[in-house]
Amino acid sequence: MSLDATDSQTGLGTNDAPADLLGRESDVTPTVSIVMPTMNEEEGIAECIQRIQNALSALGISGEIIISDDSTDKTPEIAREMGAIVVEPDKPGYGYAYRYAFERARGEFLVMGDADTTYDFEELPKLLALVRDEGADIAMGSRLDGTIRDGAMPSLHQYVGNPLLTKFLNVFYDAGVSDAHSGFRVFTRDALETLDLDTDGMEFASEMIMDAGAKDLVIKEAPITYHPREGEAKLDSFRDGWRHVKFMLVNAPGYLFSVPGLVLGLCGVFVMGMAFTGATIAGQPFGIHSLLAGSLLTILGYQVGSFGLLSSIASDPIRQPDDPITEWIHRHFSLERGVVLGGGLFAIGSAVVAVVVWQWFQSGFSELPLISVDIVAFTLIVLGIQTVFGSFFMSILADESNAA
């Protein structure tokens, strides 16, 4: 079905139908709600609203414009004069401004975009078509696959920051997008209600795509033109970039902890095994130093990997760890089994140490035990102790999580 076909349920009519910009008190349910957070955007707000009106006229649909405002300039006055609804969030933050406005939006389709003229809202029809006609839950305008006007985006953002952050997000959350941080989006109300959005800051843009990817919502993109902004930029490249990276990492403990822990642990066990058995590579033995390094890597890998497991119990990350080890532990773990496993490792290590000490005693303290045996034994003892206390801690976290 094309966008200019009549649809009595959505209110979409022919392109000749007049656009109806609805106010707060209107009894008509708008087809689309366009939400823009603003903080001193008096230089660009009028152009953005006019372009939205042009898009609604081209589509022949009714809509409402909601300005979620925290300005000290004339932005809200200009917006009201042009027919927009202005709301004032009771808390600061880019993400909270959107969430506050979404709760008050009435449209079947929701649109988000910045009020600084960087996004051309006359390109709204191509994004709306992806959601309405092509089965997308969320449609995004891709700047990186489209056109970026001179001066619209710093080179650091265009060639390093945005591509790198997008790559991280795609790997961690299977989003499959080309421009994860484009702020020009259209989505259904059902999609919004499916998502668990609760961030207040700039990481809100990442949270939406991360959660959508983790929940297998359909995300589609269309190339758009990105324009130079009007007014002063609010973005701090490094601070806000780090907030996005941090948010992606802490919500994917499998990638942050489990995978690195598994790699470190396997490397440690491999090095220990090669050193303990006297294996060589290119004629060079691993030696005692390699055995020590392997022991430390094994313990470190165990510790880091356990953080992933504990994180998945103590919190509710967007992307739960799904590696086989973590999933097996989740299914089969109990405090008693953990204590038995830890106690067994401790017992084996202690028994080896006891034998070595006895042999040393029998020799009249004249023959020192093999240090390689000591290293392996004490590695088992440390892992056993960690497992016992870690099992108690996991049990406490699980009980608290179930109680909550």
# chains A, B, ... in the order shown; residues from 1 in each chain; ligands from 1
$ residues_around --residues "stretch 259-274 of chain A" --least-positions-apart "6" --cutoff "12 Å" --atoms "only C-alpha atoms" --output "JSON, numbers by chain"
{"A": [172, 252, 253, 280, 281, 284, 285, 286, 287, 288, 289, 290, 291, 292, 293, 294, 295, 296, 297, 298, 299, 300, 301, 302, 303, 304, 305, 306, 307, 308, 309, 321, 322, 323, 324, 325, 326, 372, 373, 375, 376, 377, 379, 380, 383]}
$ select_by_dssp --residues "stretch 194-343 of chain A" --states "strand (DSSP E)" --output "list in words"
Ile219, Lys220, Glu221, Ala222, Pro223, Ile224, Thr225, Tyr226, Thr280, Ile281, Gln284 and Pro285 of chain A
$ write_last_selection --atoms "C-alpha atoms" --output "compact mmCIF listing (two decimals), in the first residue's frame"
# COMPACT_ATOMS: atom_id res chain seq x y z
CA ILE A 219 14.93 -1.80 11.88
CA LYS A 220 15.17 -0.34 8.39
CA GLU A 221 17.05 2.67 7.07
CA ALA A 222 16.77 5.22 4.30
CA PRO A 223 19.57 7.58 3.22
CA ILE A 224 19.04 11.19 4.22
CA THR A 225 20.82 14.50 3.85
CA TYR A 226 22.49 15.90 6.94
CA THR A 280 58.66 -26.68 23.39
CA ILE A 281 57.97 -24.38 20.46
CA GLN A 284 62.35 -23.30 23.15
CA PRO A 285 60.80 -24.63 26.38
$ select_by_dssp --residues "stretch 107-317 of chain A" --states "helix (DSSP H, G or I)" --output "ChimeraX atom specification"
/A:121-132,155-173,189-194,204-214,237-250,253-276,287-314
$ write_last_selection --atoms "C-alpha atoms" --output "mmCIF file, in the first residue's frame"
data_model
loop_
_atom_site.group_PDB
_atom_site.id
_atom_site.type_symbol
_atom_site.label_atom_id
_atom_site.label_comp_id
_atom_site.auth_asym_id
_atom_site.auth_seq_id
_atom_site.Cartn_x
_atom_site.Cartn_y
_atom_site.Cartn_z
ATOM 1 C CA PHE A 121 11.862 16.884 8.019
ATOM 2 C CA GLU A 122 10.629 17.081 4.429
ATOM 3 C CA GLU A 123 12.296 13.665 4.100
ATOM 4 C CA LEU A 124 9.788 12.277 6.603
ATOM 5 C CA PRO A 125 7.699 10.467 3.923
ATOM 6 C CA LYS A 126 10.493 8.024 3.038
ATOM 7 C CA LEU A 127 10.927 7.015 6.688
ATOM 8 C CA LEU A 128 7.200 6.783 7.338
ATOM 9 C CA ALA A 129 6.852 4.520 4.307
ATOM 10 C CA LEU A 130 9.343 2.044 5.796
ATOM 11 C CA VAL A 131 7.226 1.714 8.927
ATOM 12 C CA ARG A 132 3.770 1.908 7.423
ATOM 13 C CA SER A 155 35.494 14.702 10.366
ATOM 14 C CA LEU A 156 36.233 12.944 13.654
ATOM 15 C CA HIS A 157 32.538 12.057 13.979
ATOM 16 C CA GLN A 158 32.013 11.198 10.321
ATOM 17 C CA TYR A 159 35.001 8.932 9.770
ATOM 18 C CA VAL A 160 35.844 7.657 13.261
ATOM 19 C CA GLY A 161 33.294 8.224 16.012
ATOM 20 C CA ASN A 162 29.970 7.341 14.390
ATOM 21 C CA PRO A 163 31.255 4.385 12.296
ATOM 22 C CA LEU A 164 33.094 2.938 15.298
ATOM 23 C CA LEU A 165 30.167 3.316 17.701
ATOM 24 C CA THR A 166 27.854 1.826 15.066
ATOM 25 C CA LYS A 167 30.211 -1.145 14.655
ATOM 26 C CA PHE A 168 30.249 -1.749 18.407
ATOM 27 C CA LEU A 169 26.474 -1.588 18.597
ATOM 28 C CA ASN A 170 25.983 -3.962 15.661
ATOM 29 C CA VAL A 171 28.420 -6.525 17.085
ATOM 30 C CA PHE A 172 27.040 -6.394 20.622
ATOM 31 C CA TYR A 173 23.318 -6.081 19.830
ATOM 32 C CA ARG A 189 3.565 2.994 19.102
ATOM 33 C CA ASP A 190 3.736 -0.779 19.544
ATOM 34 C CA ALA A 191 7.516 -0.610 19.112
ATOM 35 C CA LEU A 192 7.776 2.121 21.738
ATOM 36 C CA GLU A 193 5.724 0.071 24.184
ATOM 37 C CA THR A 194 7.913 -2.973 23.516
ATOM 38 C CA PHE A 204 19.089 7.353 24.970
ATOM 39 C CA ALA A 205 19.785 7.190 21.217
ATOM 40 C CA SER A 206 21.922 4.092 21.728
ATOM 41 C CA GLU A 207 19.506 2.519 24.196
ATOM 42 C CA MET A 208 16.647 2.559 21.702
ATOM 43 C CA ILE A 209 18.599 0.698 19.016
ATOM 44 C CA MET A 210 20.316 -1.628 21.489
ATOM 45 C CA ASP A 211 17.009 -2.726 22.999
ATOM 46 C CA ALA A 212 15.369 -3.006 19.578
ATOM 47 C CA GLY A 213 18.216 -5.199 18.333
ATOM 48 C CA ALA A 214 18.166 -7.378 21.440
ATOM 49 C CA SER A 237 32.495 14.682 21.406
ATOM 50 C CA PHE A 238 34.576 12.787 23.940
ATOM 51 C CA ARG A 239 32.301 13.003 26.969
ATOM 52 C CA ASP A 240 29.155 11.980 25.098
ATOM 53 C CA GLY A 241 31.038 9.419 23.020
ATOM 54 C CA TRP A 242 32.338 7.773 26.172
ATOM 55 C CA ARG A 243 28.834 7.745 27.658
ATOM 56 C CA HIS A 244 27.624 5.798 24.618
ATOM 57 C CA VAL A 245 30.526 3.332 24.780
ATOM 58 C CA LYS A 246 30.123 2.836 28.529
ATOM 59 C CA PHE A 247 26.399 2.277 28.195
ATOM 60 C CA MET A 248 26.897 -0.292 25.433
ATOM 61 C CA LEU A 249 29.510 -2.177 27.438
ATOM 62 C CA VAL A 250 27.744 -2.340 30.795
ATOM 63 C CA PRO A 253 28.318 -8.216 30.180
ATOM 64 C CA GLY A 254 28.890 -11.206 27.935
ATOM 65 C CA TYR A 255 31.156 -9.141 25.701
ATOM 66 C CA LEU A 256 32.575 -7.069 28.549
ATOM 67 C CA PHE A 257 33.348 -9.921 30.952
ATOM 68 C CA SER A 258 32.441 -13.435 29.783
ATOM 69 C CA VAL A 259 34.232 -13.516 26.443
ATOM 70 C CA PRO A 260 37.465 -11.851 27.684
ATOM 71 C CA GLY A 261 37.385 -14.069 30.775
ATOM 72 C CA LEU A 262 36.992 -17.209 28.680
ATOM 73 C CA VAL A 263 39.843 -16.199 26.357
ATOM 74 C CA LEU A 264 42.156 -15.334 29.256
ATOM 75 C CA GLY A 265 41.309 -18.542 31.089
ATOM 76 C CA LEU A 266 41.849 -20.792 28.066
ATOM 77 C CA CYS A 267 45.136 -19.074 27.286
ATOM 78 C CA GLY A 268 46.216 -19.531 30.895
ATOM 79 C CA VAL A 269 45.348 -23.230 30.983
ATOM 80 C CA PHE A 270 47.096 -23.782 27.648
ATOM 81 C CA VAL A 271 50.295 -22.049 28.785
ATOM 82 C CA MET A 272 50.252 -23.897 32.107
ATOM 83 C CA GLY A 273 49.790 -27.223 30.344
ATOM 84 C CA MET A 274 52.609 -26.590 27.894
ATOM 85 C CA ALA A 275 54.976 -25.422 30.638
ATOM 86 C CA PHE A 276 54.118 -28.222 33.073
ATOM 87 C CA GLY A 287 59.821 -22.809 31.499
ATOM 88 C CA ILE A 288 58.849 -21.806 35.001
ATOM 89 C CA HIS A 289 58.150 -18.185 34.126
ATOM 90 C CA SER A 290 55.589 -19.282 31.555
ATOM 91 C CA LEU A 291 53.997 -21.535 34.167
ATOM 92 C CA LEU A 292 53.642 -18.578 36.522
ATOM 93 C CA ALA A 293 52.189 -16.448 33.744
ATOM 94 C CA GLY A 294 49.753 -19.221 32.835
ATOM 95 C CA SER A 295 48.648 -19.536 36.449
ATOM 96 C CA LEU A 296 47.991 -15.817 36.725
ATOM 97 C CA LEU A 297 46.119 -15.759 33.400
ATOM 98 C CA THR A 298 43.961 -18.688 34.523
ATOM 99 C CA ILE A 299 43.034 -17.004 37.806
ATOM 100 C CA LEU A 300 42.476 -13.667 36.078
ATOM 101 C CA GLY A 301 40.295 -15.246 33.402
ATOM 102 C CA TYR A 302 38.253 -17.022 36.061
ATOM 103 C CA GLN A 303 37.753 -13.760 37.951
ATOM 104 C CA VAL A 304 36.835 -11.675 34.906
ATOM 105 C CA GLY A 305 34.479 -14.348 33.576
ATOM 106 C CA SER A 306 32.714 -14.571 36.934
ATOM 107 C CA PHE A 307 31.954 -10.842 36.692
ATOM 108 C CA GLY A 308 29.828 -11.551 33.616
ATOM 109 C CA LEU A 309 27.863 -14.190 35.479
ATOM 110 C CA LEU A 310 27.406 -11.996 38.550
ATOM 111 C CA SER A 311 26.381 -9.013 36.386
ATOM 112 C CA SER A 312 23.647 -11.016 34.699
ATOM 113 C CA ILE A 313 22.274 -11.997 38.116
ATOM 114 C CA ALA A 314 22.595 -8.648 39.879
#
$ closest_residue --among "A:Leu335, A:Ile61, A:Leu345, A:Leu217" --to "A:Phe378" --atoms "only C-alpha atoms"
A:Leu345
$ closest_atom_pairs --of "stretch 80-193 of chain A" --to "stretch 25-28 of chain A" --cutoff "12 Å" --atoms "only C-alpha atoms" --output "Markdown table"
| residue | atom | partner | partner_atom | distance |
| --- | --- | --- | --- | --- |
| A:Gly83 | CA | A:Glu25 | CA | 12.0 |
| A:Ala84 | CA | A:Glu25 | CA | 11.9 |
| A:Ile85 | CA | A:Glu25 | CA | 9.9 |
| A:Arg106 | CA | A:Val28 | CA | 9.5 |
| A:Gly107 | CA | A:Val28 | CA | 9.9 |
| A:Glu108 | CA | A:Val28 | CA | 11.9 |
$ closest_residue --among "A:Pro154, A:Gly44, A:Gly183, A:Gly201" --to "A:Gly141" --atoms "only C-alpha atoms"
A:Gly183
